[in-house]
Amino acid sequence: MKIQIAPSILAADFLNIEDSVQMVTEAGADLIHVDIMDGHFVPNLTFGPQLVSALKKKTTLPLDVHLMVDNPHDAIPQFSEAGADWLSIHPETSIHLHKDITHIKELGKKAGIALNPATPLQVMNDIIHELDYILIMSVNPGFGGQSFIEHSREKIRRLKKYLEMQNLNIPIEIDGGVTLENMEPLLQDGVSIFVSGSGIFKQKDPQNILKKMRDLTSRYEIS
Ligand code: DX5
Ligand code: ZN
């Protein structure tokens with residue numbers, strides 16, 4: 001399975017988003033992670049569909065749109081139309097999770113579930129076979145630049161084991177506090193999609209960091 005790196009533009013320079021996207025594209029990013037926050041589900045506000053559609057015109061990389069909103073039912077068609085390629089929703093916000101996930105797939109997008117640190121894996125049991133990816137939050141959603149919650153590693157290992165037992169090959173995405181320094185154990189645990197915001201954009205030389213991340217992940221692709 002190809003290991004993917006998804007820089008989160010939440011940590012980019014908002015007045016130069018186009019340059020930031022170009023910079024990470026040149027350095028080998030696979031996806032652009034876009035955090036949608038509504039000020040209700042999480043105590044922060046970020047981007048709307050217009051930003052997503054503006055980004056879509058400027059990049060050929062798939063847009064990995066992470067919906068941290070109270071009402072995914074309404075947001076799914078809006079962000080799909082705007083140009084999201086991947087859409088993840090939180091089960092903490094979805095009353096009809098099966099309906100919302102199948103809706104994303106009917107729109108021709110990759111469907112993912114994002115789990116808060118305290119949300120148990122079991123919430124996905126009866127929908128897991130429909131998922132294109134699973135996003136494990138390793139911080140409480142709402143802000144970039146928080147510290148990685150170590151317990152997430154144990155959760156990922158449990159998830160990996162469960163997927164193997166079920167014969168499911170669903171990529172695990174990690175989001176929150178990911179840096180070049182803490183990626184290797186996560187690769188060993190079975191993560192194959194790495195979201196990183198501050199770990200890339202807030203560094204002195206983001207391109208160099210991303211290249212180093214790429215070197216590291218490529219070692220795990222071969223084995
Ligand atoms: C947090 C967001 C993350 C955030 C990660 O609510 O879902 O995607 O951008 O930022 P860092 O990598 O700085 O923790
Ligand atoms: Zn995110």
# chains A, B, ... in the order shown; residues from 1 in each chain; ligands from 1
$ residues_near_ligand --ligand "ligand 2" --cutoff "6 Å" --atoms "only C-alpha atoms and all ligand atoms" --output "tab-separated table (two decimals) with N, CA and C atoms, in the first residue's frame"
chain	number	residue	atom	x	y	z
A	35	ASP	N	-9.29	21.20	6.65
A	35	ASP	CA	-10.09	21.08	7.87
A	35	ASP	C	-11.26	22.04	7.84
A	66	HIS	N	-11.88	17.16	5.67
A	66	HIS	CA	-12.21	16.62	6.99
A	66	HIS	C	-13.31	17.50	7.59
A	175	ASP	N	-4.27	11.96	12.34
A	175	ASP	CA	-4.42	13.42	12.23
A	175	ASP	C	-4.28	14.07	13.60
$ residues_around --residues "Ser196 of chain A" --least-positions-apart "2" --cutoff "7 Å" --atoms "only C-alpha atoms" --output "PyMOL selection string"
chain A and resi 6-8+175-176+178-179+194+198-200
$ write_last_selection --atoms "N, CA and C atoms" --output "PDB file, in the first residue's frame"
ATOM      1  N   ALA A   6      -0.330  13.968   3.776  1.00  0.00           N
ATOM      2  CA  ALA A   6      -1.362  14.969   3.505  1.00  0.00           C
ATOM      3  C   ALA A   6      -1.106  16.225   4.342  1.00  0.00           C
ATOM      4  N   PRO A   7      -0.363  17.189   3.809  1.00  0.00           N
ATOM      5  CA  PRO A   7      -0.169  18.440   4.556  1.00  0.00           C
ATOM      6  C   PRO A   7      -1.516  19.118   4.821  1.00  0.00           C
ATOM      7  N   SER A   8      -1.680  19.597   6.057  1.00  0.00           N
ATOM      8  CA  SER A   8      -2.934  20.258   6.430  1.00  0.00           C
ATOM      9  C   SER A   8      -2.771  21.767   6.272  1.00  0.00           C
ATOM     10  N   ASP A 175      -4.273  11.963  12.340  1.00  0.00           N
ATOM     11  CA  ASP A 175      -4.423  13.419  12.228  1.00  0.00           C
ATOM     12  C   ASP A 175      -4.279  14.067  13.601  1.00  0.00           C
ATOM     13  N   GLY A 176      -3.222  14.870  13.744  1.00  0.00           N
ATOM     14  CA  GLY A 176      -3.037  15.632  14.972  1.00  0.00           C
ATOM     15  C   GLY A 176      -1.686  15.393  15.610  1.00  0.00           C
ATOM     16  N   VAL A 178       1.269  15.249  14.338  1.00  0.00           N
ATOM     17  CA  VAL A 178       2.215  14.380  13.620  1.00  0.00           C
ATOM     18  C   VAL A 178       3.412  15.203  13.143  1.00  0.00           C
ATOM     19  N   THR A 179       4.596  14.687  13.447  1.00  0.00           N
ATOM     20  CA  THR A 179       5.831  15.356  13.033  1.00  0.00           C
ATOM     21  C   THR A 179       6.780  14.297  12.466  1.00  0.00           C
ATOM     22  N   PHE A 194      -0.657  10.093   6.524  1.00  0.00           N
ATOM     23  CA  PHE A 194      -0.205  11.000   7.584  1.00  0.00           C
ATOM     24  C   PHE A 194      -0.650  12.424   7.293  1.00  0.00           C
ATOM     25  N   SER A 198       1.299  21.693  11.433  1.00  0.00           N
ATOM     26  CA  SER A 198       2.440  22.410  12.004  1.00  0.00           C
ATOM     27  C   SER A 198       3.748  21.677  11.747  1.00  0.00           C
ATOM     28  N   GLY A 199       3.665  20.340  11.730  1.00  0.00           N
ATOM     29  CA  GLY A 199       4.864  19.519  11.506  1.00  0.00           C
ATOM     30  C   GLY A 199       5.503  19.776  10.157  1.00  0.00           C
ATOM     31  N   ILE A 200       4.772  20.425   9.250  1.00  0.00           N
ATOM     32  CA  ILE A 200       5.333  20.785   7.932  1.00  0.00           C
ATOM     33  C   ILE A 200       5.407  22.313   7.797  1.00  0.00           C
TER      34      ILE A 200
END
$ closest_atom_pairs --of "chain A" --to "ligand 1" --cutoff "9 Å" --atoms "only C-alpha atoms and all ligand atoms" --output "tab-separated table"
residue	atom	partner	partner_atom_place_in_ligand_line	distance
A:Pro7	CA	ligand 1	12 (O)	7.9
A:Ser8	CA	ligand 1	9 (O)	4.9
A:Ile9	CA	ligand 1	9 (O)	6.8
A:Leu10	CA	ligand 1	9 (O)	4.9
A:Ala11	CA	ligand 1	13 (O)	6.2
A:His33	CA	ligand 1	8 (O)	6.8
A:Val34	CA	ligand 1	8 (O)	7.2
A:Asp35	CA	ligand 1	7 (O)	5.6
A:Ile36	CA	ligand 1	7 (O)	8.2
A:Met37	CA	ligand 1	6 (O)	8.0
A:Val42	CA	ligand 1	6 (O)	7.9
A:Asn44	CA	ligand 1	6 (O)	8.9
A:His66	CA	ligand 1	7 (O)	6.8
A:Leu67	CA	ligand 1	7 (O)	8.6
A:Met68	CA	ligand 1	7 (O)	7.6
A:Met137	CA	ligand 1	7 (O)	7.2
A:Ser138	CA	ligand 1	14 (O)	8.2
A:Val139	CA	ligand 1	1 (C)	6.8
A:Asn140	CA	ligand 1	6 (O)	6.4
A:Pro141	CA	ligand 1	6 (O)	3.2
A:Gly142	CA	ligand 1	6 (O)	3.8
A:Phe143	CA	ligand 1	6 (O)	4.7
A:Gly144	CA	ligand 1	10 (O)	3.6
A:Gly145	CA	ligand 1	13 (O)	3.7
A:Gln146	CA	ligand 1	14 (O)	5.2
A:Ser147	CA	ligand 1	14 (O)	6.9
A:Phe148	CA	ligand 1	14 (O)	7.4
A:Ile174	CA	ligand 1	8 (O)	8.9
A:Asp175	CA	ligand 1	8 (O)	5.4
A:Gly176	CA	ligand 1	14 (O)	3.7
A:Gly177	CA	ligand 1	14 (O)	3.7
A:Val178	CA	ligand 1	12 (O)	5.3
A:Thr179	CA	ligand 1	12 (O)	7.2
A:Val195	CA	ligand 1	8 (O)	6.3
A:Ser196	CA	ligand 1	12 (O)	3.8
A:Gly197	CA	ligand 1	12 (O)	3.5
A:Ser198	CA	ligand 1	13 (O)	3.7
A:Gly199	CA	ligand 1	12 (O)	5.6
A:Ile200	CA	ligand 1	12 (O)	7.7
A:Phe201	CA	ligand 1	13 (O)	8.5
A:Lys202	CA	ligand 1	13 (O)	8.2
$ write_last_selection --atoms "N, CA and C atoms" --output "short mmCIF file (atom, residue, chain, number, x, y, z; two decimals), in the first residue's frame"
data_model
loop_
_atom_site.label_atom_id
_atom_site.label_comp_id
_atom_site.auth_asym_id
_atom_site.auth_seq_id
_atom_site.Cartn_x
_atom_site.Cartn_y
_atom_site.Cartn_z
N PRO A 7 -0.36 17.19 3.81
CA PRO A 7 -0.17 18.44 4.56
C PRO A 7 -1.52 19.12 4.82
N SER A 8 -1.68 19.60 6.06
CA SER A 8 -2.93 20.26 6.43
C SER A 8 -2.77 21.77 6.27
N ILE A 9 -3.58 22.35 5.40
CA ILE A 9 -3.42 23.79 5.13
C ILE A 9 -3.89 24.67 6.28
N LEU A 10 -4.43 24.03 7.34
CA LEU A 10 -4.77 24.82 8.53
C LEU A 10 -3.55 25.54 9.08
N ALA A 11 -2.37 24.95 8.85
CA ALA A 11 -1.14 25.55 9.38
C ALA A 11 -0.40 26.39 8.33
N HIS A 33 -4.87 18.18 2.86
CA HIS A 33 -5.87 18.01 3.91
C HIS A 33 -6.51 19.36 4.23
N VAL A 34 -7.84 19.38 4.18
CA VAL A 34 -8.56 20.65 4.40
C VAL A 34 -9.52 20.46 5.57
N ASP A 35 -9.29 21.20 6.65
CA ASP A 35 -10.09 21.08 7.87
C ASP A 35 -11.26 22.04 7.84
N ILE A 36 -12.46 21.47 7.86
CA ILE A 36 -13.66 22.31 7.87
C ILE A 36 -14.23 22.32 9.29
N MET A 37 -14.23 23.50 9.91
CA MET A 37 -14.70 23.63 11.30
C MET A 37 -15.83 24.66 11.34
N VAL A 42 -16.71 21.91 16.87
CA VAL A 42 -15.40 22.28 17.43
C VAL A 42 -15.39 23.79 17.66
N ASN A 44 -13.88 26.33 16.79
CA ASN A 44 -13.07 27.12 15.87
C ASN A 44 -13.80 27.15 14.52
N HIS A 66 -11.88 17.16 5.67
CA HIS A 66 -12.21 16.62 6.99
C HIS A 66 -13.31 17.50 7.59
N LEU A 67 -14.52 16.95 7.64
CA LEU A 67 -15.67 17.73 8.09
C LEU A 67 -15.83 17.66 9.61
N MET A 68 -15.50 18.73 10.27
CA MET A 68 -15.73 18.82 11.72
C MET A 68 -16.89 19.78 11.91
N MET A 137 -8.18 10.51 15.11
CA MET A 137 -7.72 11.80 15.64
C MET A 137 -6.76 11.54 16.80
N SER A 138 -5.58 12.12 16.70
CA SER A 138 -4.60 11.96 17.77
C SER A 138 -4.45 13.26 18.58
N VAL A 139 -5.40 14.17 18.37
CA VAL A 139 -5.60 15.34 19.24
C VAL A 139 -7.11 15.56 19.28
N ASN A 140 -7.57 16.37 20.20
CA ASN A 140 -8.99 16.74 20.16
C ASN A 140 -9.15 17.77 19.05
N PRO A 141 -10.11 17.54 18.13
CA PRO A 141 -10.18 18.40 16.96
C PRO A 141 -10.52 19.85 17.30
N GLY A 142 -10.05 20.74 16.46
CA GLY A 142 -10.36 22.16 16.64
C GLY A 142 -9.20 23.08 16.34
N PHE A 143 -8.00 22.60 16.64
CA PHE A 143 -6.84 23.48 16.47
C PHE A 143 -5.63 22.70 15.98
N GLY A 144 -4.78 23.39 15.23
CA GLY A 144 -3.50 22.82 14.86
C GLY A 144 -2.50 23.03 15.98
N GLY A 145 -1.37 22.39 15.86
CA GLY A 145 -0.27 22.65 16.78
C GLY A 145 -0.40 22.03 18.16
N GLN A 146 -1.31 21.09 18.36
CA GLN A 146 -1.44 20.44 19.67
C GLN A 146 -0.51 19.23 19.74
N SER A 147 -0.31 18.74 20.98
CA SER A 147 0.59 17.59 21.14
C SER A 147 -0.13 16.29 20.86
N PHE A 148 0.59 15.39 20.26
CA PHE A 148 0.10 14.05 19.93
C PHE A 148 -0.31 13.30 21.19
N ILE A 174 -3.86 9.18 10.18
CA ILE A 174 -3.66 9.76 11.52
C ILE A 174 -3.65 11.28 11.37
N ASP A 175 -4.27 11.96 12.34
CA ASP A 175 -4.42 13.42 12.23
C ASP A 175 -4.28 14.07 13.60
N GLY A 176 -3.22 14.87 13.74
CA GLY A 176 -3.04 15.63 14.97
C GLY A 176 -1.69 15.39 15.61
N GLY A 177 -0.87 16.44 15.64
CA GLY A 177 0.42 16.35 16.33
C GLY A 177 1.44 15.46 15.64
N VAL A 178 1.27 15.25 14.34
CA VAL A 178 2.22 14.38 13.62
C VAL A 178 3.41 15.20 13.14
N THR A 179 4.60 14.69 13.45
CA THR A 179 5.83 15.36 13.03
C THR A 179 6.78 14.30 12.47
N VAL A 195 -1.51 12.96 8.15
CA VAL A 195 -1.85 14.38 8.07
C VAL A 195 -0.83 15.10 8.95
N SER A 196 -0.29 16.19 8.44
CA SER A 196 0.59 17.00 9.28
C SER A 196 0.45 18.47 8.88
N GLY A 197 0.15 19.29 9.87
CA GLY A 197 -0.01 20.73 9.63
C GLY A 197 1.22 21.47 10.11
N SER A 198 1.30 21.69 11.43
CA SER A 198 2.44 22.41 12.00
C SER A 198 3.75 21.68 11.75
N GLY A 199 3.66 20.34 11.73
CA GLY A 199 4.86 19.52 11.51
C GLY A 199 5.50 19.78 10.16
N ILE A 200 4.77 20.43 9.25
CA ILE A 200 5.33 20.79 7.93
C ILE A 200 5.41 22.31 7.80
N PHE A 201 4.24 22.96 7.82
CA PHE A 201 4.20 24.38 7.47
C PHE A 201 4.87 25.31 8.50
N LYS A 202 4.89 24.89 9.75
CA LYS A 202 5.49 25.79 10.77
C LYS A 202 6.98 25.53 10.96
#
$ residues_around --residues "Val21 of chain A" --least-positions-apart "6" --cutoff "10 Å" --atoms "only C-alpha atoms" --output "list of chain:residue names"
A:Pro7, A:Ser8, A:Ile9, A:Ala12, A:Ala27, A:Ala29, A:Leu31, A:Ile32, A:Leu55, A:Lys58, A:Thr59, A:Leu61
$ write_last_selection --atoms "N, CA, C and O atoms" --output "PDB file, in the first residue's frame"
ATOM      1  N   PRO A   7      -0.363  17.189   3.809  1.00  0.00           N
ATOM      2  CA  PRO A   7      -0.169  18.440   4.556  1.00  0.00           C
ATOM      3  C   PRO A   7      -1.516  19.118   4.821  1.00  0.00           C
ATOM      4  O   PRO A   7      -2.375  19.166   3.930  1.00  0.00           O
ATOM      5  N   SER A   8      -1.680  19.597   6.057  1.00  0.00           N
ATOM      6  CA  SER A   8      -2.934  20.258   6.430  1.00  0.00           C
ATOM      7  C   SER A   8      -2.771  21.767   6.272  1.00  0.00           C
ATOM      8  O   SER A   8      -1.962  22.387   6.981  1.00  0.00           O
ATOM      9  N   ILE A   9      -3.580  22.346   5.401  1.00  0.00           N
ATOM     10  CA  ILE A   9      -3.419  23.785   5.129  1.00  0.00           C
ATOM     11  C   ILE A   9      -3.895  24.666   6.283  1.00  0.00           C
ATOM     12  O   ILE A   9      -3.736  25.880   6.240  1.00  0.00           O
ATOM     13  N   ALA A  12      -0.996  26.516   7.151  1.00  0.00           N
ATOM     14  CA  ALA A  12      -0.328  27.279   6.087  1.00  0.00           C
ATOM     15  C   ALA A  12      -0.531  28.784   6.303  1.00  0.00           C
ATOM     16  O   ALA A  12      -1.323  29.199   7.148  1.00  0.00           O
ATOM     17  N   ALA A  27       7.303  19.177  -3.220  1.00  0.00           N
ATOM     18  CA  ALA A  27       8.095  18.371  -2.278  1.00  0.00           C
ATOM     19  C   ALA A  27       7.541  16.955  -2.114  1.00  0.00           C
ATOM     20  O   ALA A  27       8.071  16.175  -1.335  1.00  0.00           O
ATOM     21  N   ALA A  29       3.956  15.908  -1.715  1.00  0.00           N
ATOM     22  CA  ALA A  29       2.701  15.615  -1.006  1.00  0.00           C
ATOM     23  C   ALA A  29       1.783  14.776  -1.893  1.00  0.00           C
ATOM     24  O   ALA A  29       1.830  14.880  -3.125  1.00  0.00           O
ATOM     25  N   LEU A  31      -1.726  14.369  -0.944  1.00  0.00           N
ATOM     26  CA  LEU A  31      -3.083  14.881  -0.763  1.00  0.00           C
ATOM     27  C   LEU A  31      -2.967  16.251  -0.114  1.00  0.00           C
ATOM     28  O   LEU A  31      -1.945  16.544   0.518  1.00  0.00           O
ATOM     29  N   ILE A  32      -4.018  17.032  -0.221  1.00  0.00           N
ATOM     30  CA  ILE A  32      -4.081  18.270   0.571  1.00  0.00           C
ATOM     31  C   ILE A  32      -5.220  18.094   1.577  1.00  0.00           C
ATOM     32  O   ILE A  32      -6.369  17.847   1.185  1.00  0.00           O
ATOM     33  N   LEU A  55      -9.352  26.186  -4.183  1.00  0.00           N
ATOM     34  CA  LEU A  55      -8.188  25.294  -4.120  1.00  0.00           C
ATOM     35  C   LEU A  55      -8.200  24.299  -5.266  1.00  0.00           C
ATOM     36  O   LEU A  55      -7.166  23.985  -5.851  1.00  0.00           O
ATOM     37  N   LYS A  58      -6.548  25.183  -8.303  1.00  0.00           N
ATOM     38  CA  LYS A  58      -5.111  25.446  -8.240  1.00  0.00           C
ATOM     39  C   LYS A  58      -4.253  24.215  -8.006  1.00  0.00           C
ATOM     40  O   LYS A  58      -3.039  24.314  -7.967  1.00  0.00           O
ATOM     41  N   THR A  59      -4.882  23.070  -7.770  1.00  0.00           N
ATOM     42  CA  THR A  59      -4.053  21.890  -7.518  1.00  0.00           C
ATOM     43  C   THR A  59      -4.627  20.660  -8.210  1.00  0.00           C
ATOM     44  O   THR A  59      -5.847  20.549  -8.377  1.00  0.00           O
ATOM     45  N   LEU A  61      -3.676  17.738  -6.895  1.00  0.00           N
ATOM     46  CA  LEU A  61      -3.694  16.744  -5.816  1.00  0.00           C
ATOM     47  C   LEU A  61      -5.128  16.582  -5.288  1.00  0.00           C
ATOM     48  O   LEU A  61      -5.877  17.561  -5.223  1.00  0.00           O
TER      49      LEU A  61
END
$ residues_around --residues "Asp132 of chain A" --least-positions-apart "4" --cutoff "9 Å" --atoms "only C-alpha atoms" --output "CSV table (one decimal) with N, CA and C atoms, in the first residue's frame"
chain,number,residue,atom,x,y,z
A,86,TRP,N,-12.0,13.4,-1.2
A,86,TRP,CA,-12.2,12.5,0.0
A,86,TRP,C,-13.0,13.3,1.0
A,110,LYS,N,-14.4,9.5,-2.1
A,110,LYS,CA,-13.9,8.5,-1.1
A,110,LYS,C,-14.5,8.9,0.3
A,111,ALA,N,-15.0,7.8,1.0
A,111,ALA,CA,-15.7,8.1,2.2
A,111,ALA,C,-14.9,7.6,3.4
A,112,GLY,N,-14.8,8.5,4.4
A,112,GLY,CA,-14.0,8.1,5.6
A,112,GLY,C,-14.8,8.5,6.9
A,113,ILE,N,-14.4,7.8,8.0
A,113,ILE,CA,-15.0,8.1,9.3
A,113,ILE,C,-13.8,8.7,10.1
A,128,ILE,N,-18.0,-0.4,8.7
A,128,ILE,CA,-16.6,-0.4,8.4
A,128,ILE,C,-16.3,-0.9,7.0
A,170,ILE,N,-8.3,-1.5,4.7
A,170,ILE,CA,-8.7,-0.1,4.7
A,170,ILE,C,-7.6,0.8,5.3
A,171,PRO,N,-7.1,1.8,4.5
A,171,PRO,CA,-6.0,2.6,5.1
A,171,PRO,C,-6.4,3.4,6.3
$ select_by_dssp --residues "segment 48-183 of chain A" --states "helix (DSSP H, G or I)" --output "ChimeraX atom specification"
/A:49-58,72-82,97-106,121-124,128-130,151-165,180-183
